[in-house]
Structure formats: structure tokens, C-alpha cells
Amino acid sequence: MSDPAVSWSRVRDRGMIGLRADLSVGVVRKALQKACGLPVPETRRLSVRDDRRLAWMSPDELLLVLPRAGTAPVLAAVAEAMEGRHHLAVDLSDARALFRIEGPGARETLAKGAPVDLSPAAFGLHDFRRSRLGQLAAAFGQVAEEPDAFEMVCFRSVAAHVERWLDVSCRPGSLPGVF
Amino acid sequence: MLLLTCPHCGVSAEETEFHPGGEAHLKRIGPDGDDDAFMGYLFERRNPKGVHFERWRHAFGCGKWFHLARCTVTLEVFGAYRADVHAPPAEIVERIQARRPGWTPEGEDA
């Protein structure tokens with residue numbers, strides 16, 4: 001039973017690819033853009049095209065989320081595009097868990113666990129943030145608005161805990177109504 | 001509670017998103033050093049009342065290390081700067097001197 005303003009689900013059919021390379025180099029950005037099929041995001045932003053997302057994780061790290069069947073072709077494309085350049089591309093699909101939190105109360109649900117200013121003025125569409133949820137490392141970004149929808153990744157080993165955390169945080173009548 | 005700004009990703013967050021890494025700008029004593037100097041390098045740390053330089057890691061964020069200048073008395077943060085330098089940059093020193101007239105980086109070594 002969750003509050004009518006928010007619902008969450010575990011998204012299981014996604015593949016995830018961790019990419020590391022020197023993103024300050026223009027050639028590298030172009031190569032990754034070509035291989036991933038969407039632009040390299042600015043700092044703390046998310047690139048979205050259809051069902052693919054490319055998230056900025058750190059100055060030298062990106063996370064590509066895409067339909068699982070696309071994982072192997074993209075890994076091959078990255079290897080080809082980045083041939084001879086120092087980089088890392090690894091399939092993280094089974095190492096991470098993906099959640100979708102949507103509804104007008106999605107912001108407040110996340111704000112219960114993350115020390116992040118999630119007010120609409122400070123955190124908008126396609127903003128992305130690595131932080132923590134309670135005591136767990138988590139990263140989330142806003143993928144849609146009106147109604148708001150967020151996608152969040154965490155380590156797969158703690159996914160069961162996050163499911164329970166979301167159940168508790170989405171309880172009816174538990175949203176503070178600040179935003 | 002400290003409010004820190006990571007110089008790598010620009011996130012301003014409270015200290016629970018970061019992890020402290022101890023005193024900054026330690027000079028490693030290598031194989032040429034004597035036992036006393038090596039012991040000092042391992043165990044002796046500054047414990048100033050005032051300006052302090054520290055290493056921090058944005059543990060729940062971008063994962064990068066950086067340096068931080070802050071005051072241990074008021075918890076005022078003077079600024080954060082990159083991790084791969086041996087001394088605070090001029091800009092940070094100026095900012096500290098604006099807030100703590102008379103403070104010099106040289107005084108740190110005394």
C-alpha cells in the first residue's frame with residue numbers, strides 16, 4: 001500500500017554499462033557519443049533519448065542505461081570507437097539495481113533519504129546526482145516531469161533493503177508536503 | 001555540521017556525504033629517512049586550534065579526493081582545492097588571510 005501521490009517499481013529489463021575515460025578530451029567525448037547513441041552529459045546531468053540514459057557519474061565516469069539486449073552491441077561499439085585510447089567499458093547490468101519512482105510525491109520520497117536539495121528549483125528535469133539513500137550509496141536523476149519521475153540506481157546487493165525502504169517511505173499519509 | 005563543496009563535481013553537501021582523510025600535505029619519509037623521521041611521518045599529526053588543511057573524499061558522490069582548508073574552532077570552511085598539490089594555492093591563502101589577519105602559511109611550519 002503506497003501513498004496515491006507516489007509509486008515505485010523495480011526495473012529489471014535494463015542493461016547498464018559503466019564507462020570510464022578522460023571526459024575532458026574532445027575526441028573521447030565524440031567517440032563515446034557515437035558509440036552510445038546519445039550526447040555525453042554535462043556535469044551532474046543526464047542525457048535521455050528514447051529508452052537510453054547516459055548519466056554523469058564523476059569527471060571520468062559515465063553510466064549508460066539501456067534495454068538489456070542492447071548491452072553487447074554497445075560494448076562492441078565502445079571498444080571499436082575507443083580503440084587505442086585508455087578507457088574502461090564494463091557490463092554492470094547484474095551489479096546494479098534500477099528503480100523508478102514516479103508521481104507528484106516522488107521528490108519528497110527521495111528527499112526523505114538523500115541529503116540533497118530536491119526542490120523543483122534546485123533539482124529539475126535531467127538533473128542527476130550521486131548521493132546516498134539512508135546509509136546506502138545511490139544515484140538518481142529526474143527523467144520526466146508533470147508528473148515527476150525519477151530513476152535511481154544502487155548496488156544490486158542492497159536492492160532488497162532499498163525495496164523495503166521505498167515501501168516505508170511511500171506509506172500513505174507519510175509525505176511531508178513541503179515541495 | 002560542515003557544509004562542503006566538492007571541487008570536482010561542484011556539489012555542495014553536508015559532511016555525511018564525504019569522508020575525512022586526515023591531515024593534508026604530509027611529506028612522505030622514504031627509505032633515506034631515519035627511524036625518528038619515519039615515525040613522525042606515520043604518527044605525528046598537527047592538532048591546531050584554528051586553520052587546518054585536510055584531505056577529504058566525496059565518498060557518496062563522485063568519489064574523488066580533494067583538499068580542504070577550514071577552521072577547527074569555528075568550523076568555518078575557507079575553501080576546497082585539488083588533491084594533487086603540495087601546498088594550498090595562493091587563492092586559498094588569500095581567502096584565509098582575509099578572514100584571519102596575521103595568519104601565514106609559513107607560520108604553519110613553525
# chains A, B, ... in the order shown; residues from 1 in each chain; ligands from 1

call {"tool": "select_by_dssp", "arguments": {"residues": "chain B", "states": "strand (DSSP E)", "output": "ChimeraX atom specification"}}
result
/B:3-5,12-14,19-23,51-57,65-71,77-81

call {"tool": "residues_around", "arguments": {"residues": "region 2-10 of chain B", "least_positions_apart": "3", "cutoff": "7 Å", "atoms": "only C-alpha atoms", "output": "MDAnalysis selection string"}}
result
(chainID A and resid 43 58:59) or (chainID B and resid 13:15 58 62 75 80:82)

call {"tool": "closest_atom_pairs", "arguments": {"of": "chain A", "to": "chain B", "cutoff": "8 Å", "atoms": "only C-alpha atoms", "output": "JSON lines"}}
result
{"residue": "A:Thr43", "atom": "CA", "partner": "B:Cys9", "partner_atom": "CA", "distance": 6.7}
{"residue": "A:Arg44", "atom": "CA", "partner": "B:Cys9", "partner_atom": "CA", "distance": 7.2}
{"residue": "A:Met57", "atom": "CA", "partner": "B:Cys62", "partner_atom": "CA", "distance": 6.1}
{"residue": "A:Ser58", "atom": "CA", "partner": "B:Cys62", "partner_atom": "CA", "distance": 4.5}
{"residue": "A:Pro59", "atom": "CA", "partner": "B:His8", "partner_atom": "CA", "distance": 6.8}
{"residue": "A:Pro115", "atom": "CA", "partner": "B:Ala13", "partner_atom": "CA", "distance": 7.0}
{"residue": "A:Val116", "atom": "CA", "partner": "B:Ala13", "partner_atom": "CA", "distance": 7.1}
{"residue": "A:Arg129", "atom": "CA", "partner": "B:Gly61", "partner_atom": "CA", "distance": 7.6}
{"residue": "A:Arg130", "atom": "CA", "partner": "B:Gly61", "partner_atom": "CA", "distance": 4.8}
{"residue": "A:Ser131", "atom": "CA", "partner": "B:Phe60", "partner_atom": "CA", "distance": 4.9}
{"residue": "A:Arg132", "atom": "CA", "partner": "B:Phe60", "partner_atom": "CA", "distance": 5.9}
{"residue": "A:Ala137", "atom": "CA", "partner": "B:Phe60", "partner_atom": "CA", "distance": 5.7}
{"residue": "A:Ala138", "atom": "CA", "partner": "B:Phe60", "partner_atom": "CA", "distance": 7.8}

call {"tool": "residues_around", "arguments": {"residues": "region 92-102 of chain B", "least_positions_apart": "2", "cutoff": "10 Å", "atoms": "only C-alpha atoms", "output": "list of chain:residue names"}}
result
B:Gly50, B:Val51, B:Leu68, B:Ala69, B:Arg70, B:Cys71, B:Glu76, B:Val77, B:Phe78, B:Gly79, B:Ala80, B:Tyr81, B:Ala87, B:Pro88, B:Pro89, B:Ala90, B:Thr104, B:Pro105, B:Gly107

call {"tool": "closest_residue", "arguments": {"among": "A:Glu80, A:Asp22, A:Asp117, A:Asp127", "to": "Leu54 (chain A)", "atoms": "only C-alpha atoms"}}
result
A:Asp127

call {"tool": "select_by_dssp", "arguments": {"residues": "region 1-176 of chain A", "states": "alpha helix (DSSP H)", "output": "PyMOL selection string"}}
result
chain A and resi 26-36+71-81+106-111+159-169

call {"tool": "write_last_selection", "arguments": {"atoms": "N, CA and C atoms", "output": "mmCIF file, in the first residue's frame"}}
result
data_model
loop_
_atom_site.group_PDB
_atom_site.id
_atom_site.type_symbol
_atom_site.label_atom_id
_atom_site.label_comp_id
_atom_site.auth_asym_id
_atom_site.auth_seq_id
_atom_site.Cartn_x
_atom_site.Cartn_y
_atom_site.Cartn_z
ATOM 1 N N GLY A 26 38.092 16.118 -26.080
ATOM 2 C CA GLY A 26 37.018 16.217 -27.068
ATOM 3 C C GLY A 26 36.842 14.959 -27.901
ATOM 4 N N VAL A 27 37.955 14.363 -28.313
ATOM 5 C CA VAL A 27 37.884 13.162 -29.158
ATOM 6 C C VAL A 27 37.193 12.022 -28.411
ATOM 7 N N VAL A 28 37.499 11.919 -27.123
ATOM 8 C CA VAL A 28 36.895 10.862 -26.301
ATOM 9 C C VAL A 28 35.388 11.076 -26.196
ATOM 10 N N ARG A 29 34.993 12.323 -25.976
ATOM 11 C CA ARG A 29 33.557 12.615 -25.870
ATOM 12 C C ARG A 29 32.842 12.243 -27.174
ATOM 13 N N LYS A 30 33.472 12.605 -28.278
ATOM 14 C CA LYS A 30 32.851 12.305 -29.579
ATOM 15 C C LYS A 30 32.728 10.802 -29.797
ATOM 16 N N ALA A 31 33.799 10.076 -29.449
ATOM 17 C CA ALA A 31 33.786 8.629 -29.648
ATOM 18 C C ALA A 31 32.705 7.973 -28.793
ATOM 19 N N LEU A 32 32.591 8.426 -27.541
ATOM 20 C CA LEU A 32 31.590 7.837 -26.643
ATOM 21 C C LEU A 32 30.179 8.190 -27.113
ATOM 22 N N GLN A 33 30.028 9.410 -27.564
ATOM 23 C CA GLN A 33 28.728 9.854 -28.051
ATOM 24 C C GLN A 33 28.266 8.979 -29.214
ATOM 25 N N LYS A 34 29.209 8.681 -30.114
ATOM 26 C CA LYS A 34 28.888 7.872 -31.282
ATOM 27 C C LYS A 34 28.531 6.440 -30.856
ATOM 28 N N ALA A 35 29.336 5.889 -29.944
ATOM 29 C CA ALA A 35 29.126 4.500 -29.546
ATOM 30 C C ALA A 35 27.854 4.330 -28.719
ATOM 31 N N CYS A 36 27.529 5.330 -27.898
ATOM 32 C CA CYS A 36 26.375 5.203 -27.004
ATOM 33 C C CYS A 36 25.085 5.652 -27.669
ATOM 34 N N THR A 71 23.057 -4.169 -24.733
ATOM 35 C CA THR A 71 24.306 -4.061 -23.989
ATOM 36 C C THR A 71 25.518 -4.528 -24.789
ATOM 37 N N ALA A 72 25.421 -5.740 -25.339
ATOM 38 C CA ALA A 72 26.576 -6.307 -26.050
ATOM 39 C C ALA A 72 26.963 -5.481 -27.283
ATOM 40 N N PRO A 73 25.981 -5.074 -28.130
ATOM 41 C CA PRO A 73 26.358 -4.242 -29.280
ATOM 42 C C PRO A 73 27.042 -2.934 -28.872
ATOM 43 N N VAL A 74 26.560 -2.290 -27.785
ATOM 44 C CA VAL A 74 27.175 -1.027 -27.359
ATOM 45 C C VAL A 74 28.590 -1.270 -26.845
ATOM 46 N N LEU A 75 28.783 -2.358 -26.090
ATOM 47 C CA LEU A 75 30.132 -2.668 -25.601
ATOM 48 C C LEU A 75 31.093 -2.842 -26.775
ATOM 49 N N ALA A 76 30.613 -3.520 -27.838
ATOM 50 C CA ALA A 76 31.451 -3.714 -29.024
ATOM 51 C C ALA A 76 31.727 -2.372 -29.698
ATOM 52 N N ALA A 77 30.692 -1.507 -29.757
ATOM 53 C CA ALA A 77 30.850 -0.207 -30.411
ATOM 54 C C ALA A 77 31.835 0.664 -29.640
ATOM 55 N N VAL A 78 31.764 0.607 -28.299
ATOM 56 C CA VAL A 78 32.691 1.405 -27.484
ATOM 57 C C VAL A 78 34.120 0.913 -27.699
ATOM 58 N N ALA A 79 34.291 -0.422 -27.699
ATOM 59 C CA ALA A 79 35.634 -0.979 -27.883
ATOM 60 C C ALA A 79 36.222 -0.522 -29.217
ATOM 61 N N GLU A 80 35.369 -0.469 -30.227
ATOM 62 C CA GLU A 80 35.850 -0.056 -31.551
ATOM 63 C C GLU A 80 36.159 1.435 -31.584
ATOM 64 N N ALA A 81 35.219 2.239 -31.045
ATOM 65 C CA ALA A 81 35.389 3.693 -31.102
ATOM 66 C C ALA A 81 36.552 4.166 -30.237
ATOM 67 N N ALA A 106 7.125 11.964 -5.687
ATOM 68 C CA ALA A 106 8.402 11.261 -5.870
ATOM 69 C C ALA A 106 9.569 12.043 -5.271
ATOM 70 N N ARG A 107 9.543 13.373 -5.475
ATOM 71 C CA ARG A 107 10.591 14.232 -4.922
ATOM 72 C C ARG A 107 10.736 14.065 -3.413
ATOM 73 N N GLU A 108 9.576 14.132 -2.765
ATOM 74 C CA GLU A 108 9.600 14.089 -1.304
ATOM 75 C C GLU A 108 10.026 12.725 -0.798
ATOM 76 N N THR A 109 9.672 11.686 -1.539
ATOM 77 C CA THR A 109 10.080 10.344 -1.132
ATOM 78 C C THR A 109 11.598 10.239 -1.138
ATOM 79 N N LEU A 110 12.228 10.700 -2.210
ATOM 80 C CA LEU A 110 13.691 10.646 -2.283
ATOM 81 C C LEU A 110 14.324 11.563 -1.242
ATOM 82 N N ALA A 111 13.696 12.712 -1.034
ATOM 83 C CA ALA A 111 14.262 13.695 -0.110
ATOM 84 C C ALA A 111 14.276 13.167 1.325
ATOM 85 N N ALA A 159 19.615 -4.191 -2.963
ATOM 86 C CA ALA A 159 18.333 -3.874 -3.595
ATOM 87 C C ALA A 159 17.145 -4.254 -2.707
ATOM 88 N N ALA A 160 17.242 -5.372 -1.997
ATOM 89 C CA ALA A 160 16.127 -5.808 -1.155
ATOM 90 C C ALA A 160 15.885 -4.776 -0.050
ATOM 91 N N HIS A 161 16.988 -4.239 0.479
ATOM 92 C CA HIS A 161 16.860 -3.216 1.514
ATOM 93 C C HIS A 161 16.201 -1.963 0.941
ATOM 94 N N VAL A 162 16.599 -1.573 -0.267
ATOM 95 C CA VAL A 162 16.028 -0.373 -0.896
ATOM 96 C C VAL A 162 14.539 -0.579 -1.167
ATOM 97 N N GLU A 163 14.165 -1.805 -1.547
ATOM 98 C CA GLU A 163 12.739 -2.078 -1.770
ATOM 99 C C GLU A 163 11.943 -1.841 -0.493
ATOM 100 N N ARG A 164 12.484 -2.322 0.608
ATOM 101 C CA ARG A 164 11.778 -2.116 1.890
ATOM 102 C C ARG A 164 11.780 -0.644 2.271
ATOM 103 N N TRP A 165 12.907 0.011 2.004
ATOM 104 C CA TRP A 165 12.999 1.440 2.316
ATOM 105 C C TRP A 165 11.933 2.215 1.541
ATOM 106 N N LEU A 166 11.764 1.881 0.254
ATOM 107 C CA LEU A 166 10.779 2.577 -0.570
ATOM 108 C C LEU A 166 9.365 2.272 -0.095
ATOM 109 N N ASP A 167 9.134 1.019 0.297
ATOM 110 C CA ASP A 167 7.812 0.671 0.830
ATOM 111 C C ASP A 167 7.461 1.554 2.015
ATOM 112 N N VAL A 168 8.418 1.713 2.918
ATOM 113 C CA VAL A 168 8.168 2.507 4.128
ATOM 114 C C VAL A 168 8.012 3.990 3.771
ATOM 115 N N SER A 169 8.872 4.467 2.880
ATOM 116 C CA SER A 169 8.871 5.899 2.549
ATOM 117 C C SER A 169 7.642 6.322 1.754
#

call {"tool": "decode", "arguments": {"residues": "region 1-24 of chain B", "atoms": "N, CA and C atoms", "output": "compact mmCIF listing (two decimals), in the first residue's frame"}}
result
# COMPACT_ATOMS: atom_id res chain seq x y z
N MET B 1 27.95 20.72 12.09
CA MET B 1 27.93 20.10 10.77
C MET B 1 28.63 20.97 9.74
N LEU B 2 29.53 20.37 8.97
CA LEU B 2 30.24 21.11 7.93
C LEU B 2 29.46 21.06 6.62
N LEU B 3 29.46 22.16 5.90
CA LEU B 3 28.92 22.16 4.54
C LEU B 3 30.10 22.30 3.59
N LEU B 4 30.33 21.26 2.79
CA LEU B 4 31.50 21.25 1.92
C LEU B 4 31.07 21.31 0.45
N THR B 5 31.93 21.90 -0.36
CA THR B 5 31.69 21.92 -1.81
C THR B 5 32.81 21.15 -2.50
N CYS B 6 32.44 20.11 -3.21
CA CYS B 6 33.43 19.28 -3.90
C CYS B 6 33.95 20.03 -5.12
N PRO B 7 35.27 20.22 -5.24
CA PRO B 7 35.79 20.96 -6.39
C PRO B 7 35.72 20.17 -7.69
N HIS B 8 35.43 18.88 -7.62
CA HIS B 8 35.38 18.07 -8.84
C HIS B 8 34.00 18.11 -9.48
N CYS B 9 32.96 17.91 -8.68
CA CYS B 9 31.63 17.85 -9.28
C CYS B 9 30.78 19.06 -8.91
N GLY B 10 31.29 19.93 -8.04
CA GLY B 10 30.58 21.17 -7.72
C GLY B 10 29.42 20.99 -6.76
N VAL B 11 29.25 19.79 -6.23
CA VAL B 11 28.15 19.55 -5.30
C VAL B 11 28.45 20.18 -3.95
N SER B 12 27.48 20.90 -3.41
CA SER B 12 27.58 21.37 -2.04
C SER B 12 26.71 20.47 -1.19
N ALA B 13 27.31 19.82 -0.23
CA ALA B 13 26.54 18.88 0.58
C ALA B 13 27.07 18.90 2.00
N GLU B 14 26.30 18.34 2.89
CA GLU B 14 26.76 18.29 4.27
C GLU B 14 27.75 17.14 4.43
N GLU B 15 28.43 17.13 5.57
CA GLU B 15 29.61 16.29 5.70
C GLU B 15 29.33 14.79 5.62
N THR B 16 28.08 14.36 5.81
CA THR B 16 27.83 12.91 5.79
C THR B 16 27.99 12.33 4.39
N GLU B 17 28.05 13.19 3.36
CA GLU B 17 28.26 12.67 2.02
C GLU B 17 29.75 12.53 1.72
N PHE B 18 30.58 13.01 2.65
CA PHE B 18 32.03 12.99 2.45
C PHE B 18 32.69 12.10 3.50
N HIS B 19 33.96 11.78 3.25
CA HIS B 19 34.70 11.03 4.25
C HIS B 19 36.03 11.73 4.51
N PRO B 20 36.35 11.98 5.78
CA PRO B 20 37.61 12.68 6.06
C PRO B 20 38.81 11.78 5.88
N GLY B 21 39.90 12.37 5.39
CA GLY B 21 41.11 11.56 5.13
C GLY B 21 42.32 12.05 5.90
N GLY B 22 42.10 12.82 6.97
CA GLY B 22 43.22 13.23 7.81
C GLY B 22 43.95 14.45 7.30
N GLU B 23 45.08 14.71 7.95
CA GLU B 23 45.84 15.93 7.66
C GLU B 23 46.36 15.93 6.21
N ALA B 24 46.37 17.12 5.62
CA ALA B 24 46.83 17.25 4.23
C ALA B 24 48.31 17.61 4.18
